[in-house]
Amino acid sequence: MKIRILSPKPNSFIPNASVHEARIHPDNERFYQITNGEHAGKELPISMAIILPDAPTYSAEEYNALQADLQQAQEDNEQLRGELHNTADRLAIAAQEIQSWQKKHEWTYRHHEIAMESNKVKLPWLVADGINHARNMLYSNRDIMNDDLGTHVPLWREALRDYAADHYDKLMSALVNGYTIDNKSKALWDGAIKILTGPGNAVDKAKALDKLYKR
């Protein structure tokens, strides 16, 4: 058997990692004994070396079969590489065709988007906020349009109810086709909240609100 030296004894002059033919010492199975070469006859503990596996041996038929398998694997690899190259070429051509088609129809898409935007109604901010609340609570369009709310309802539901009473079709269109927000109404709302929650008496606040809405 063959062993590889891992940690030779001090002053043994056996190079570390060197490989030698050896056997289990006939008188002490805890030692190896080197059987050939310049270190023949020398002994070392089995903890200082490892046994190397024997190299496999093949018959002529087995060797030829392995060679044939290797050659076939190389041919298959070349064929696969060619197919991948062809696929990459086809994908590149397809990408170019898609880009060409998109460029050709860009005008159509753009005008379609403009048309869709033009179909969107503009809602007061408080109504749009009410729709967002309703969507977050998984309300259906029918629930949102329902004005039978009873009393003590949230402000956002009151806003939806009041808006539906005067602009039913407009609100339904917003729910179906989408909507934009009237930023002026948001500014008015924020201004009113700031006035109502700020300092001053009721008369001053009423004057401030009147001035705000007359801008």
# chains A, B, ... in the order shown; residues from 1 in each chain; ligands from 1

$ select_by_dssp --residues "stretch 10-213 of chain A" --states "strand (DSSP E or B)" --output "list of chain:residue names"
A:Val19, A:His20, A:Glu21, A:Ala22, A:Arg23, A:Ile24, A:Phe31, A:Tyr32, A:Gln33, A:Ile34, A:Glu43, A:Leu44, A:Pro45, A:Ala49, A:Ile50, A:Ile51, A:Leu52, A:Val121, A:Lys122, A:Leu123, A:Pro124, A:Tyr179, A:Thr180, A:Ile181, A:Asp182

$ residues_around --residues "A:Asp182" --least-positions-apart "5" --cutoff "12 Å" --atoms "only C-alpha atoms" --output "list in words"
Lys120, Val121, Lys122, Leu123, Pro124, Trp125, Leu126, Val127, Ala128, Asp129, Ala187, Leu188 and Trp189 of chain A

$ closest_residue --among "A:Gly191, A:Pro26, A:Pro15, A:Pro53" --to "A:His39" --atoms "only C-alpha atoms"
A:Pro15

$ atom_distance --atom1 "atom CA of A:Asn183" --atom2 "atom CA of A:Ala202"
27.0 Å

$ closest_residue --among "A:Ile46, A:Ile195, A:Ile14, A:Asp169" --to "A:Asn28" --atoms "only C-alpha atoms"
A:Ile46

$ closest_residue --among "A:Ala17, A:Leu80, A:Leu6, A:Leu70" --to "A:Pro45" --atoms "only C-alpha atoms"
A:Leu6

$ atom_distance --atom1 "atom CA of A:Asn132" --atom2 "atom CA of A:Asp162"
16.3 Å

$ residues_around --residues "A:Arg23" --least-positions-apart "6" --cutoff "9 Å" --atoms "only C-alpha atoms" --output "PDB file with N, CA, C and O atoms, in the first residue's frame"
ATOM      1  N   MET A   1       0.846  -1.192   0.000  1.00  0.00           N
ATOM      2  CA  MET A   1       0.000   0.000   0.000  1.00  0.00           C
ATOM      3  C   MET A   1       0.882   1.243   0.000  1.00  0.00           C
ATOM      4  O   MET A   1       2.069   1.179   0.314  1.00  0.00           O
ATOM      5  N   LYS A   2       0.263   2.366  -0.356  1.00  0.00           N
ATOM      6  CA  LYS A   2       0.992   3.626  -0.375  1.00  0.00           C
ATOM      7  C   LYS A   2       0.486   4.512   0.755  1.00  0.00           C
ATOM      8  O   LYS A   2      -0.706   4.546   1.046  1.00  0.00           O
ATOM      9  N   ILE A   3       1.447   5.218   1.373  1.00  0.00           N
ATOM     10  CA  ILE A   3       1.087   6.160   2.431  1.00  0.00           C
ATOM     11  C   ILE A   3       1.703   7.517   2.118  1.00  0.00           C
ATOM     12  O   ILE A   3       2.711   7.613   1.414  1.00  0.00           O
ATOM     13  N   PHE A  31       2.171   0.914  13.931  1.00  0.00           N
ATOM     14  CA  PHE A  31       3.240   1.550  13.165  1.00  0.00           C
ATOM     15  C   PHE A  31       3.186   1.093  11.712  1.00  0.00           C
ATOM     16  O   PHE A  31       2.754  -0.019  11.396  1.00  0.00           O
ATOM     17  N   TYR A  32       3.616   2.028  10.827  1.00  0.00           N
ATOM     18  CA  TYR A  32       3.892   1.673   9.439  1.00  0.00           C
ATOM     19  C   TYR A  32       5.383   1.402   9.314  1.00  0.00           C
ATOM     20  O   TYR A  32       6.208   1.973  10.037  1.00  0.00           O
ATOM     21  N   GLN A  33       5.712   0.560   8.318  1.00  0.00           N
ATOM     22  CA  GLN A  33       7.120   0.330   7.981  1.00  0.00           C
ATOM     23  C   GLN A  33       7.285   0.526   6.483  1.00  0.00           C
ATOM     24  O   GLN A  33       6.602  -0.113   5.684  1.00  0.00           O
ATOM     25  N   ILE A  34       8.166   1.473   6.109  1.00  0.00           N
ATOM     26  CA  ILE A  34       8.416   1.737   4.694  1.00  0.00           C
ATOM     27  C   ILE A  34       9.155   0.552   4.107  1.00  0.00           C
ATOM     28  O   ILE A  34      10.116   0.044   4.698  1.00  0.00           O
ATOM     29  N   THR A  35       8.718   0.113   2.908  1.00  0.00           N
ATOM     30  CA  THR A  35       9.242  -1.144   2.357  1.00  0.00           C
ATOM     31  C   THR A  35      10.191  -0.959   1.186  1.00  0.00           C
ATOM     32  O   THR A  35      10.809  -1.940   0.750  1.00  0.00           O
TER      33      THR A  35
END

$ select_by_dssp --residues "stretch 38-205 of chain A" --states "alpha helix (DSSP H)" --output "ChimeraX atom specification"
/A:60-104,106-118,125-136,141-145,155-166,168-177,183-197,202-205

$ closest_residue --among "A:Asp204, A:Asn16, A:Gln96, A:Ile131" --to "A:Tyr179" --atoms "only C-alpha atoms"
A:Ile131

$ closest_residue --among "A:Val19, A:Leu171, A:Ile181, A:Ala134" --to "A:Ile51" --atoms "only C-alpha atoms"
A:Val19

$ atom_distance --atom1 "atom CA of A:Pro56" --atom2 "atom CA of A:Glu78"
29.2 Å
